[in-house]
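Let me begin by presenting the structure, written as structure tokens, before commenting on it.
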Amino acid sequence: MKLLLSEEEVQKKVAALARRISRDFSGEEVLLVGVLKGAFVFLADLTRQMTIPVKIDFVRLASYGAGMRSSRKVRLTKDLETPLKGKNVVVVDDIIDTGMTLKHLSRRLKARRPNSLKVVALLDKSGRREASFQADYVGFHIDDHFVVGYGLDCAEEYRNLRGIYIFK
Ligand code: IMP
Ligand code: MG
């Protein structure tokens, strides 16, 4: 494994993202929606750097379907417990790869008529996009590597690493 982003680089970026989001929603409250499992570490750090009132909830998604990745179906296996109507929702995810997951999730959540819906992703592999999707806030744009650590796993391992590593 090769270090891609150190703990310090990640923490600086997370603090900067929290500042931006807090500024953009200043005077308001946001609901942070973490996408399980990968986003749990990022969400925990992000929420503690926010300077506005924050509530949190989680969703869990599973993608399935044979054949082309771009035709995958995405299923919500754990839904929110919070109604979204009138809320400022910020979806928090670890990484955007093909974009299928977040495109699907955003569409589902928008249908519940939140006051606003934004997406923050710590990492973005924009070179691999198959669905047209852009996050509102991105920590790092990275090349096409499989990465682990800081919540990201390979077969459920390495989520607890403090930095982000390229997995070979
Ligand atoms: P997408 O629908 O292709 O954008 O899939 C995004 C999801 O795939 C992420 O939320 C991760 O759970 C997983 N994923 C994509 N790339 C990586 C990676 O490099 N390491 C670990 N998980 C990844
Ligand atoms: Mg994920």
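Convention: chains lettered A, B, ... in structure tokens order; per-chain residue numbering from 1; ligands numbered from 1 as shown.
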Give me the residues within 6 Å of region 129-145 of chain A as a PDB file with N, CA and C atoms, in the first residue's frame, counting only C-alpha atoms and dropping any in the same chain fewer than 6 places off.
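Final output, saved to around-v3.pdb:
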```pdb
ATOM      1  N   SER A  70     -22.525   0.680 -15.767  1.00  0.00           N
ATOM      2  CA  SER A  70     -23.359   1.864 -15.943  1.00  0.00           C
ATOM      3  C   SER A  70     -24.849   1.530 -15.948  1.00  0.00           C
ATOM      4  N   THR A  98     -18.183   5.916 -10.419  1.00  0.00           N
ATOM      5  CA  THR A  98     -18.976   6.045 -11.652  1.00  0.00           C
ATOM      6  C   THR A  98     -20.021   7.158 -11.524  1.00  0.00           C
ATOM      7  N   GLY A  99     -20.412   7.468 -10.290  1.00  0.00           N
ATOM      8  CA  GLY A  99     -21.439   8.476 -10.060  1.00  0.00           C
ATOM      9  C   GLY A  99     -22.838   7.897  -9.971  1.00  0.00           C
ATOM     10  N   MET A 100     -22.966   6.595 -10.222  1.00  0.00           N
ATOM     11  CA  MET A 100     -24.302   5.968 -10.233  1.00  0.00           C
ATOM     12  C   MET A 100     -25.000   6.078  -8.877  1.00  0.00           C
ATOM     13  N   LYS A 103     -26.021   9.756  -8.015  1.00  0.00           N
ATOM     14  CA  LYS A 103     -27.034  10.252  -8.947  1.00  0.00           C
ATOM     15  C   LYS A 103     -28.398   9.692  -8.558  1.00  0.00           C
ATOM     16  N   LYS A 118     -27.609  19.306  -1.255  1.00  0.00           N
ATOM     17  CA  LYS A 118     -26.223  19.407  -1.747  1.00  0.00           C
ATOM     18  C   LYS A 118     -25.515  18.090  -1.461  1.00  0.00           C
ATOM     19  N   VAL A 119     -24.414  17.892  -2.154  1.00  0.00           N
ATOM     20  CA  VAL A 119     -23.632  16.671  -1.945  1.00  0.00           C
ATOM     21  C   VAL A 119     -22.178  17.045  -1.691  1.00  0.00           C
ATOM     22  N   VAL A 120     -21.590  16.461  -0.643  1.00  0.00           N
ATOM     23  CA  VAL A 120     -20.159  16.618  -0.393  1.00  0.00           C
ATOM     24  C   VAL A 120     -19.503  15.248  -0.457  1.00  0.00           C
ATOM     25  N   ALA A 121     -18.418  15.161  -1.220  1.00  0.00           N
ATOM     26  CA  ALA A 121     -17.654  13.908  -1.303  1.00  0.00           C
ATOM     27  C   ALA A 121     -16.206  14.242  -1.002  1.00  0.00           C
ATOM     28  N   LEU A 122     -15.576  13.416  -0.176  1.00  0.00           N
ATOM     29  CA  LEU A 122     -14.181  13.685   0.154  1.00  0.00           C
ATOM     30  C   LEU A 122     -13.285  13.464  -1.068  1.00  0.00           C
ATOM     31  N   LEU A 123     -13.571  12.406  -1.819  1.00  0.00           N
ATOM     32  CA  LEU A 123     -12.735  12.060  -2.969  1.00  0.00           C
ATOM     33  C   LEU A 123     -13.585  11.966  -4.230  1.00  0.00           C
TER      34      LEU A 123
END
```
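For ligand 2, the neighbouring protein, DNA and RNA residues, which are those within 10 Å when only C-alpha atoms and all ligand atoms are counted, are Gly34, Val35, Leu36, Lys37, Gly38, Ala39, Phe40, Arg60, Leu61, Ala62, Val92, Asp93, Asp94, Ile95, Ile96, Asp97, Thr101, Leu102, Ala121, Gly151, Leu152 and Asp153 of chain A.
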(Q) Residues near Phe167 (chain A), anyone? I mean within 7 Å using only C-alpha atoms, not counting same-chain ones fewer than 3 positions away, as a VMD selection string. (A) chain A and resid 1 to 2 146 to 148
Since we have the selection now, will you write its residues out, keeping C-alpha atoms, as a compact mmCIF listing (two decimals), in the first residue's frame?
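Once written, out35.txt looks like this:
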```
# COMPACT_ATOMS: atom_id res chain seq x y z
CA MET A 1 0.00 0.00 0.00
CA LYS A 2 1.22 3.46 -0.86
CA PHE A 146 -8.44 1.87 -5.75
CA VAL A 147 -8.00 3.54 -2.38
CA VAL A 148 -8.53 2.43 1.21
```
Q) Which of these, A:Leu109, A:Val59, A:Val74, A:Ala18, has the shortest distance to ligand 1 once you count only C-alpha atoms and all ligand atoms? A)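 Selected residue with least distance to ligand 1: A:Val74.
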Q: For Arg162 (chain A), please output as a list of chain:residue names all residues within 12 Å (counting only C-alpha atoms; exclusion window: fewer than 3 positions along the same chain).
A: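 Those residues are A:Leu3, A:Leu4, A:Leu5, A:Ser6, A:Glu7, A:Glu8, A:Glu9, A:Val10, A:Gln11, A:Val41, A:Phe42, A:Asp45, A:Val148, A:Gly149, A:Tyr150, A:Gly151, A:Leu152, A:Tyr158, A:Arg159, A:Tyr165.
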Selected residues written out, N, CA and C atoms, as a PDB file, in the first residue's frame:
```
ATOM      1  N   LEU A   3       0.981   5.460   0.478  1.00  0.00           N
ATOM      2  CA  LEU A   3       0.230   6.597   1.022  1.00  0.00           C
ATOM      3  C   LEU A   3      -0.133   7.585  -0.083  1.00  0.00           C
ATOM      4  N   LEU A   4      -1.398   7.943  -0.166  1.00  0.00           N
ATOM      5  CA  LEU A   4      -1.847   8.948  -1.141  1.00  0.00           C
ATOM      6  C   LEU A   4      -2.101  10.283  -0.438  1.00  0.00           C
ATOM      7  N   LEU A   5      -2.821  10.241   0.688  1.00  0.00           N
ATOM      8  CA  LEU A   5      -3.136  11.463   1.437  1.00  0.00           C
ATOM      9  C   LEU A   5      -2.906  11.196   2.922  1.00  0.00           C
ATOM     10  N   SER A   6      -2.062  11.993   3.540  1.00  0.00           N
ATOM     11  CA  SER A   6      -1.746  11.781   4.947  1.00  0.00           C
ATOM     12  C   SER A   6      -2.918  12.212   5.833  1.00  0.00           C
ATOM     13  N   GLU A   7      -2.870  11.734   7.069  1.00  0.00           N
ATOM     14  CA  GLU A   7      -3.886  12.121   8.050  1.00  0.00           C
ATOM     15  C   GLU A   7      -3.997  13.648   8.134  1.00  0.00           C
ATOM     16  N   GLU A   8      -2.847  14.306   8.136  1.00  0.00           N
ATOM     17  CA  GLU A   8      -2.837  15.765   8.261  1.00  0.00           C
ATOM     18  C   GLU A   8      -3.492  16.443   7.054  1.00  0.00           C
ATOM     19  N   GLU A   9      -3.164  15.971   5.847  1.00  0.00           N
ATOM     20  CA  GLU A   9      -3.778  16.542   4.635  1.00  0.00           C
ATOM     21  C   GLU A   9      -5.290  16.347   4.644  1.00  0.00           C
ATOM     22  N   VAL A  10      -5.728  15.156   5.063  1.00  0.00           N
ATOM     23  CA  VAL A  10      -7.157  14.863   5.100  1.00  0.00           C
ATOM     24  C   VAL A  10      -7.845  15.774   6.115  1.00  0.00           C
ATOM     25  N   GLN A  11      -7.253  15.900   7.307  1.00  0.00           N
ATOM     26  CA  GLN A  11      -7.884  16.708   8.357  1.00  0.00           C
ATOM     27  C   GLN A  11      -7.986  18.185   7.946  1.00  0.00           C
ATOM     28  N   VAL A  41     -16.451   7.761   8.818  1.00  0.00           N
ATOM     29  CA  VAL A  41     -15.311   8.474   9.423  1.00  0.00           C
ATOM     30  C   VAL A  41     -15.329   9.948   8.985  1.00  0.00           C
ATOM     31  N   PHE A  42     -15.506  10.161   7.693  1.00  0.00           N
ATOM     32  CA  PHE A  42     -15.582  11.513   7.143  1.00  0.00           C
ATOM     33  C   PHE A  42     -16.717  12.298   7.816  1.00  0.00           C
ATOM     34  N   ASP A  45     -15.808  13.385  11.409  1.00  0.00           N
ATOM     35  CA  ASP A  45     -14.877  14.515  11.482  1.00  0.00           C
ATOM     36  C   ASP A  45     -15.527  15.798  10.970  1.00  0.00           C
ATOM     37  N   VAL A 148      -7.980   2.913  -0.059  1.00  0.00           N
ATOM     38  CA  VAL A 148      -8.531   2.429   1.212  1.00  0.00           C
ATOM     39  C   VAL A 148      -8.111   3.368   2.351  1.00  0.00           C
ATOM     40  N   GLY A 149      -8.806   3.224   3.469  1.00  0.00           N
ATOM     41  CA  GLY A 149      -8.505   4.020   4.656  1.00  0.00           C
ATOM     42  C   GLY A 149      -9.503   5.143   4.839  1.00  0.00           C
ATOM     43  N   TYR A 150      -9.541   5.714   6.030  1.00  0.00           N
ATOM     44  CA  TYR A 150     -10.446   6.823   6.351  1.00  0.00           C
ATOM     45  C   TYR A 150     -11.897   6.457   5.985  1.00  0.00           C
ATOM     46  N   GLY A 151     -12.302   5.242   6.331  1.00  0.00           N
ATOM     47  CA  GLY A 151     -13.665   4.784   6.062  1.00  0.00           C
ATOM     48  C   GLY A 151     -13.784   3.885   4.847  1.00  0.00           C
ATOM     49  N   LEU A 152     -12.834   4.044   3.899  1.00  0.00           N
ATOM     50  CA  LEU A 152     -12.895   3.251   2.660  1.00  0.00           C
ATOM     51  C   LEU A 152     -12.274   1.876   2.887  1.00  0.00           C
ATOM     52  N   TYR A 158      -9.381  -2.251   6.450  1.00  0.00           N
ATOM     53  CA  TYR A 158      -8.626  -0.985   6.336  1.00  0.00           C
ATOM     54  C   TYR A 158      -9.451   0.290   6.578  1.00  0.00           C
ATOM     55  N   ARG A 159     -10.723   0.184   6.958  1.00  0.00           N
ATOM     56  CA  ARG A 159     -11.531   1.390   7.161  1.00  0.00           C
ATOM     57  C   ARG A 159     -10.961   2.277   8.258  1.00  0.00           C
ATOM     58  N   TYR A 165      -4.791   5.421   1.351  1.00  0.00           N
ATOM     59  CA  TYR A 165      -3.725   4.668   0.679  1.00  0.00           C
ATOM     60  C   TYR A 165      -4.183   4.093  -0.644  1.00  0.00           C
TER      61      TYR A 165
END
```
Q) Where in chain A does DSSP assign strand (DSSP E or B), given as a PyMOL selection string? A) chain A and resi 2-5+30-36+54-64+73-78+88-96+116-124+137-141+147-149+152+154+157+164-166
Q | Residues near Pro53 (chain A), cut-off 10 Å, only C-alpha atoms, skip fewer than 4 positions along chain, as number ranges by chain | A | A: 22, 25-31, 47
Using N, CA and C atoms, can you export the residues from the last selection as a PDB file, in the first residue's frame?
```
ATOM      1  N   SER A  22     -20.483  25.508   6.372  1.00  0.00           N
ATOM      2  CA  SER A  22     -21.029  26.326   7.459  1.00  0.00           C
ATOM      3  C   SER A  22     -21.290  27.754   6.977  1.00  0.00           C
ATOM      4  N   PHE A  25     -24.385  27.929   4.608  1.00  0.00           N
ATOM      5  CA  PHE A  25     -25.677  27.763   5.294  1.00  0.00           C
ATOM      6  C   PHE A  25     -25.732  28.581   6.583  1.00  0.00           C
ATOM      7  N   SER A  26     -24.956  29.643   6.639  1.00  0.00           N
ATOM      8  CA  SER A  26     -24.869  30.400   7.888  1.00  0.00           C
ATOM      9  C   SER A  26     -26.249  30.915   8.310  1.00  0.00           C
ATOM     10  N   GLY A  27     -26.560  30.776   9.584  1.00  0.00           N
ATOM     11  CA  GLY A  27     -27.861  31.183  10.103  1.00  0.00           C
ATOM     12  C   GLY A  27     -28.932  30.116   9.931  1.00  0.00           C
ATOM     13  N   GLU A  28     -28.560  28.988   9.323  1.00  0.00           N
ATOM     14  CA  GLU A  28     -29.536  27.913   9.115  1.00  0.00           C
ATOM     15  C   GLU A  28     -29.060  26.623   9.775  1.00  0.00           C
ATOM     16  N   GLU A  29     -29.906  25.607   9.661  1.00  0.00           N
ATOM     17  CA  GLU A  29     -29.532  24.288  10.180  1.00  0.00           C
ATOM     18  C   GLU A  29     -29.429  23.321   9.012  1.00  0.00           C
ATOM     19  N   VAL A  30     -28.497  22.382   9.077  1.00  0.00           N
ATOM     20  CA  VAL A  30     -28.407  21.375   8.013  1.00  0.00           C
ATOM     21  C   VAL A  30     -28.576  19.969   8.585  1.00  0.00           C
ATOM     22  N   LEU A  31     -29.090  19.106   7.719  1.00  0.00           N
ATOM     23  CA  LEU A  31     -29.148  17.679   8.035  1.00  0.00           C
ATOM     24  C   LEU A  31     -28.080  16.991   7.189  1.00  0.00           C
ATOM     25  N   THR A  47     -18.694  16.698  10.870  1.00  0.00           N
ATOM     26  CA  THR A  47     -19.734  17.235  11.739  1.00  0.00           C
ATOM     27  C   THR A  47     -19.119  17.965  12.945  1.00  0.00           C
TER      28      THR A  47
END
```
**Q.** Residues flagged helix (DSSP H, G or I) by DSSP in chain A, as a ChimeraX atom specification
**A.** /A:7-24,40-49,69-71,100-110,126-128
Could you name the residues that touch Ile56 (chain A) at 10 Å or less, counting only C-alpha atoms, but leaving out those on the same chain fewer than 6 positions away, as a PDB file with N, CA, C and O atoms, in the first residue's frame?
```
ATOM      1  N   VAL A  30     -28.497  22.382   9.077  1.00  0.00           N
ATOM      2  CA  VAL A  30     -28.407  21.375   8.013  1.00  0.00           C
ATOM      3  C   VAL A  30     -28.576  19.969   8.585  1.00  0.00           C
ATOM      4  O   VAL A  30     -28.260  19.706   9.745  1.00  0.00           O
ATOM      5  N   LEU A  31     -29.090  19.106   7.719  1.00  0.00           N
ATOM      6  CA  LEU A  31     -29.148  17.679   8.035  1.00  0.00           C
ATOM      7  C   LEU A  31     -28.080  16.991   7.189  1.00  0.00           C
ATOM      8  O   LEU A  31     -28.140  17.013   5.953  1.00  0.00           O
ATOM      9  N   LEU A  32     -27.077  16.437   7.859  1.00  0.00           N
ATOM     10  CA  LEU A  32     -26.040  15.692   7.143  1.00  0.00           C
ATOM     11  C   LEU A  32     -26.502  14.249   7.000  1.00  0.00           C
ATOM     12  O   LEU A  32     -26.839  13.599   7.989  1.00  0.00           O
ATOM     13  N   VAL A  33     -26.524  13.769   5.764  1.00  0.00           N
ATOM     14  CA  VAL A  33     -26.952  12.397   5.490  1.00  0.00           C
ATOM     15  C   VAL A  33     -25.744  11.576   5.065  1.00  0.00           C
ATOM     16  O   VAL A  33     -25.226  11.729   3.963  1.00  0.00           O
ATOM     17  N   GLY A  34     -25.270  10.731   5.948  1.00  0.00           N
ATOM     18  CA  GLY A  34     -24.102   9.896   5.658  1.00  0.00           C
ATOM     19  C   GLY A  34     -24.506   8.653   4.871  1.00  0.00           C
ATOM     20  O   GLY A  34     -25.522   8.036   5.165  1.00  0.00           O
ATOM     21  N   LEU A  43     -17.876  11.684   7.953  1.00  0.00           N
ATOM     22  CA  LEU A  43     -19.015  12.356   8.575  1.00  0.00           C
ATOM     23  C   LEU A  43     -18.705  12.726  10.024  1.00  0.00           C
ATOM     24  O   LEU A  43     -19.038  13.821  10.485  1.00  0.00           O
ATOM     25  N   ALA A  44     -18.048  11.820  10.736  1.00  0.00           N
ATOM     26  CA  ALA A  44     -17.738  12.078  12.145  1.00  0.00           C
ATOM     27  C   ALA A  44     -16.803  13.279  12.284  1.00  0.00           C
ATOM     28  O   ALA A  44     -16.988  14.122  13.172  1.00  0.00           O
ATOM     29  N   THR A  47     -18.694  16.698  10.870  1.00  0.00           N
ATOM     30  CA  THR A  47     -19.734  17.235  11.739  1.00  0.00           C
ATOM     31  C   THR A  47     -19.119  17.965  12.945  1.00  0.00           C
ATOM     32  O   THR A  47     -19.657  18.972  13.412  1.00  0.00           O
ATOM     33  N   LEU A  80     -33.684   6.810   5.516  1.00  0.00           N
ATOM     34  CA  LEU A  80     -33.600   7.831   6.554  1.00  0.00           C
ATOM     35  C   LEU A  80     -34.696   7.658   7.585  1.00  0.00           C
ATOM     36  O   LEU A  80     -35.739   7.073   7.286  1.00  0.00           O
ATOM     37  N   GLU A  81     -34.455   8.189   8.765  1.00  0.00           N
ATOM     38  CA  GLU A  81     -35.501   8.208   9.787  1.00  0.00           C
ATOM     39  C   GLU A  81     -36.101   9.607   9.904  1.00  0.00           C
ATOM     40  O   GLU A  81     -37.034   9.826  10.660  1.00  0.00           O
ATOM     41  N   THR A  82     -35.529  10.564   9.163  1.00  0.00           N
ATOM     42  CA  THR A  82     -35.929  11.967   9.250  1.00  0.00           C
ATOM     43  C   THR A  82     -36.702  12.383   7.996  1.00  0.00           C
ATOM     44  O   THR A  82     -36.228  12.128   6.898  1.00  0.00           O
ATOM     45  N   VAL A  89     -30.483  19.707   3.211  1.00  0.00           N
ATOM     46  CA  VAL A  89     -29.869  18.387   3.276  1.00  0.00           C
ATOM     47  C   VAL A  89     -28.498  18.423   2.602  1.00  0.00           C
ATOM     48  O   VAL A  89     -28.358  18.967   1.508  1.00  0.00           O
ATOM     49  N   VAL A  90     -27.510  17.874   3.286  1.00  0.00           N
ATOM     50  CA  VAL A  90     -26.186  17.707   2.677  1.00  0.00           C
ATOM     51  C   VAL A  90     -25.833  16.226   2.754  1.00  0.00           C
ATOM     52  O   VAL A  90     -25.624  15.685   3.838  1.00  0.00           O
ATOM     53  N   VAL A  91     -25.800  15.582   1.594  1.00  0.00           N
ATOM     54  CA  VAL A  91     -25.426  14.170   1.524  1.00  0.00           C
ATOM     55  C   VAL A  91     -23.903  14.078   1.622  1.00  0.00           C
ATOM     56  O   VAL A  91     -23.183  14.823   0.945  1.00  0.00           O
TER      57      VAL A  91
END
```
